[in-house]
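Novice: Below are the structure tokens for one structure; questions will follow.
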Amino acid sequence: QVQLVESGGGLVQAGGSLRLSCAASGRTFSNYALAWFRQAPGKEREFAAGISADGRNTYYADSVKGRFAISRDNAKNTVYLQMNSLKTEDTAVYYCAARYGTYSEAYYSMLLAWAYWGQGTQVTVSP
């Protein structure tokens, strides 16, 4: 069992930045692939960014590529999402997800492939 707790959400103006954190506990963190998903009001949950268990590979949705950066610190059992140049359409609840093992890029955007989820943190971007 893996427990995930997100933090760092809040209200920011368009063009600003936020850094989300997700602290994990329960199992060997370095064995888990990690991802950030987001869900805007009235919309389905969607993939934003992912990082492989060894941290060598990162993946991004086209909508955030070049603005968001995912990273992990295995010593702190934490994954981060640095969000820059925020837009109003980035407003959503952001969720951290984890699953054991190594996977190809195609699996990262598959919602049902992720075994563990955090409770989410709200990000609101004002005009």
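Letters for chains follow the order of the structure tokens (A, B, ...), residue numbers begin at 1 for each chain, and ligand numbers begin at 1 in the order shown.
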Neighbouring residues of Val93 in chain A were defined as those with any atom within 8 Å, considering only C-alpha atoms; residues of the same chain fewer than 4 positions away were excluded. Please report them as a list in words.
Specialist: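 Once the nearby chain positions are removed, what remains is Arg38, Gln39, Ala40, Gly120, Thr121, Gln122 and Val123 of chain A.
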Novice: Counting only C-alpha atoms, what is within 12 Å of range 70-79 of chain A, bar same-chain residues fewer than 2 positions away, as a PyMOL selection string?
Specialist: chain A and resi 2-8+19-37+48-61+64-68+81-84+95-98+118
Novice: Could you tell me how far CA of Lys43 in chain A lies from CA of Gln1 in chain A, in Å and to one decimal?
Specialist: 28.4 Å
Novice: Taking only C-alpha atoms into account, which of A:Glu89, A:Gly42, A:Phe47, A:Ser126 comes nearest Ala113 in chain A?
Specialist: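 Comparing A:Glu89, A:Gly42, A:Phe47, A:Ser126 against Ala113 in chain A, the winner is A:Phe47.
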Novice: Neighbours of Asp90 in chain A within 7 Å (only C-alpha atoms; same-chain residues fewer than 3 positions away dropped), as JSON, numbers by chain?
Specialist: {"A": [86, 87, 125]}
Novice: Hey, can you check how far CA of Gly9 in chain A sits from CA of Arg99 in chain A?
Specialist: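 CA of Gly9 in chain A sits 22.8 Å away from CA of Arg99 in chain A.
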Novice: What residues in chain A get the DSSP label strand (DSSP E or B)? Please answer as a PDB file with C-alpha atoms, in the first residue's frame.
Specialist:
```pdb
ATOM      1  CA  GLN A   3      -0.145   6.656   0.657  1.00  0.00           C
ATOM      2  CA  LEU A   4       0.143   9.895  -1.304  1.00  0.00           C
ATOM      3  CA  VAL A   5      -0.428  13.388   0.057  1.00  0.00           C
ATOM      4  CA  GLU A   6      -0.382  16.414  -2.229  1.00  0.00           C
ATOM      5  CA  SER A   7       0.333  19.985  -1.180  1.00  0.00           C
ATOM      6  CA  GLY A  10      -3.529  27.677  -4.232  1.00  0.00           C
ATOM      7  CA  LEU A  11      -4.654  30.778  -6.069  1.00  0.00           C
ATOM      8  CA  VAL A  12      -2.284  32.409  -8.548  1.00  0.00           C
ATOM      9  CA  GLN A  13      -2.631  34.962 -11.315  1.00  0.00           C
ATOM     10  CA  LEU A  18       3.300  27.204  -8.392  1.00  0.00           C
ATOM     11  CA  ARG A  19       5.118  24.109  -7.233  1.00  0.00           C
ATOM     12  CA  LEU A  20       3.117  21.109  -6.158  1.00  0.00           C
ATOM     13  CA  SER A  21       4.530  18.409  -3.922  1.00  0.00           C
ATOM     14  CA  CYS A  22       3.387  14.863  -3.328  1.00  0.00           C
ATOM     15  CA  ALA A  23       4.790  12.994  -0.352  1.00  0.00           C
ATOM     16  CA  ALA A  24       4.639   9.206  -0.450  1.00  0.00           C
ATOM     17  CA  SER A  25       4.837   6.630   2.303  1.00  0.00           C
ATOM     18  CA  TYR A  32       7.328   3.398  -8.346  1.00  0.00           C
ATOM     19  CA  ALA A  33       6.500   5.361 -11.463  1.00  0.00           C
ATOM     20  CA  LEU A  34       4.712   8.600 -10.607  1.00  0.00           C
ATOM     21  CA  ALA A  35       2.398  10.987 -12.365  1.00  0.00           C
ATOM     22  CA  TRP A  36       0.307  14.099 -11.992  1.00  0.00           C
ATOM     23  CA  PHE A  37      -3.227  14.169 -13.313  1.00  0.00           C
ATOM     24  CA  ARG A  38      -5.714  17.001 -13.154  1.00  0.00           C
ATOM     25  CA  GLN A  39      -9.458  17.401 -13.234  1.00  0.00           C
ATOM     26  CA  GLU A  46      -6.543  13.967 -17.531  1.00  0.00           C
ATOM     27  CA  PHE A  47      -2.841  13.203 -17.573  1.00  0.00           C
ATOM     28  CA  ALA A  48      -0.474  16.138 -17.066  1.00  0.00           C
ATOM     29  CA  ALA A  49       3.005  14.737 -16.411  1.00  0.00           C
ATOM     30  CA  GLY A  50       4.780  11.503 -15.499  1.00  0.00           C
ATOM     31  CA  ILE A  51       8.198  10.347 -14.374  1.00  0.00           C
ATOM     32  CA  THR A  58       9.664  12.302 -18.063  1.00  0.00           C
ATOM     33  CA  TYR A  59       6.472  12.649 -20.063  1.00  0.00           C
ATOM     34  CA  TYR A  60       4.085  15.535 -20.563  1.00  0.00           C
ATOM     35  CA  PHE A  68       5.460  22.267 -16.413  1.00  0.00           C
ATOM     36  CA  ALA A  69       8.320  20.166 -15.084  1.00  0.00           C
ATOM     37  CA  ILE A  70       8.013  16.969 -13.059  1.00  0.00           C
ATOM     38  CA  SER A  71      10.825  15.791 -10.821  1.00  0.00           C
ATOM     39  CA  ARG A  72      11.348  13.417  -7.933  1.00  0.00           C
ATOM     40  CA  ASP A  73      13.541  13.211  -4.875  1.00  0.00           C
ATOM     41  CA  THR A  78       8.529  13.204  -2.862  1.00  0.00           C
ATOM     42  CA  VAL A  79       7.516  14.065  -6.400  1.00  0.00           C
ATOM     43  CA  TYR A  80       7.142  17.648  -7.571  1.00  0.00           C
ATOM     44  CA  LEU A  81       5.341  19.490 -10.313  1.00  0.00           C
ATOM     45  CA  GLN A  82       6.767  22.900 -11.125  1.00  0.00           C
ATOM     46  CA  MET A  83       4.153  24.881 -13.010  1.00  0.00           C
ATOM     47  CA  ALA A  92      -8.153  22.112 -11.725  1.00  0.00           C
ATOM     48  CA  VAL A  93      -7.710  19.727  -8.860  1.00  0.00           C
ATOM     49  CA  TYR A  94      -4.298  18.139  -9.269  1.00  0.00           C
ATOM     50  CA  TYR A  95      -3.788  14.519  -8.248  1.00  0.00           C
ATOM     51  CA  CYS A  96      -0.637  12.556  -7.656  1.00  0.00           C
ATOM     52  CA  ALA A  97      -0.617   8.910  -8.776  1.00  0.00           C
ATOM     53  CA  ALA A  98       1.774   5.996  -8.346  1.00  0.00           C
ATOM     54  CA  ARG A  99       2.265   2.464  -9.595  1.00  0.00           C
ATOM     55  CA  TYR A 100       4.942  -0.113  -9.178  1.00  0.00           C
ATOM     56  CA  TYR A 116      -2.567   4.650  -5.955  1.00  0.00           C
ATOM     57  CA  TRP A 117      -3.960   8.161  -5.763  1.00  0.00           C
ATOM     58  CA  THR A 121      -4.905  19.781  -4.291  1.00  0.00           C
ATOM     59  CA  GLN A 122      -6.782  22.697  -5.835  1.00  0.00           C
ATOM     60  CA  VAL A 123      -5.017  25.018  -8.251  1.00  0.00           C
ATOM     61  CA  THR A 124      -6.904  28.125  -9.313  1.00  0.00           C
ATOM     62  CA  VAL A 125      -5.494  30.496 -11.913  1.00  0.00           C
ATOM     63  CA  SER A 126      -7.177  33.884 -12.083  1.00  0.00           C
TER      64      SER A 126
END
```
Novice: Taking the chain letters and numbering used in this document, name the residues of chain A that DSSP puts in alpha helix (DSSP H), as a ChimeraX atom specification.
Specialist: /A:105-108
Novice: With N, CA and C atoms kept, could you save the residues just selected as a PDB file, in the first residue's frame?
Specialist:
```
ATOM      1  N   GLU A 105       6.027   4.903 -22.355  1.00  0.00           N
ATOM      2  CA  GLU A 105       5.342   6.192 -22.301  1.00  0.00           C
ATOM      3  C   GLU A 105       3.839   6.054 -22.486  1.00  0.00           C
ATOM      4  N   ALA A 106       3.396   5.138 -23.309  1.00  0.00           N
ATOM      5  CA  ALA A 106       1.977   5.015 -23.631  1.00  0.00           C
ATOM      6  C   ALA A 106       1.110   4.756 -22.411  1.00  0.00           C
ATOM      7  N   TYR A 107       1.685   4.119 -21.396  1.00  0.00           N
ATOM      8  CA  TYR A 107       0.902   3.769 -20.220  1.00  0.00           C
ATOM      9  C   TYR A 107       0.667   4.952 -19.288  1.00  0.00           C
ATOM     10  N   TYR A 108       1.471   5.954 -19.353  1.00  0.00           N
ATOM     11  CA  TYR A 108       1.402   7.033 -18.366  1.00  0.00           C
ATOM     12  C   TYR A 108       0.093   7.800 -18.433  1.00  0.00           C
TER      13      TYR A 108
END
```
Novice: To one decimal in Å, tell me the separation between CA of Asp62 in chain A and CA of Ala14 in chain A.
Specialist: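 Here the two named atoms are 18.6 Å from each other.
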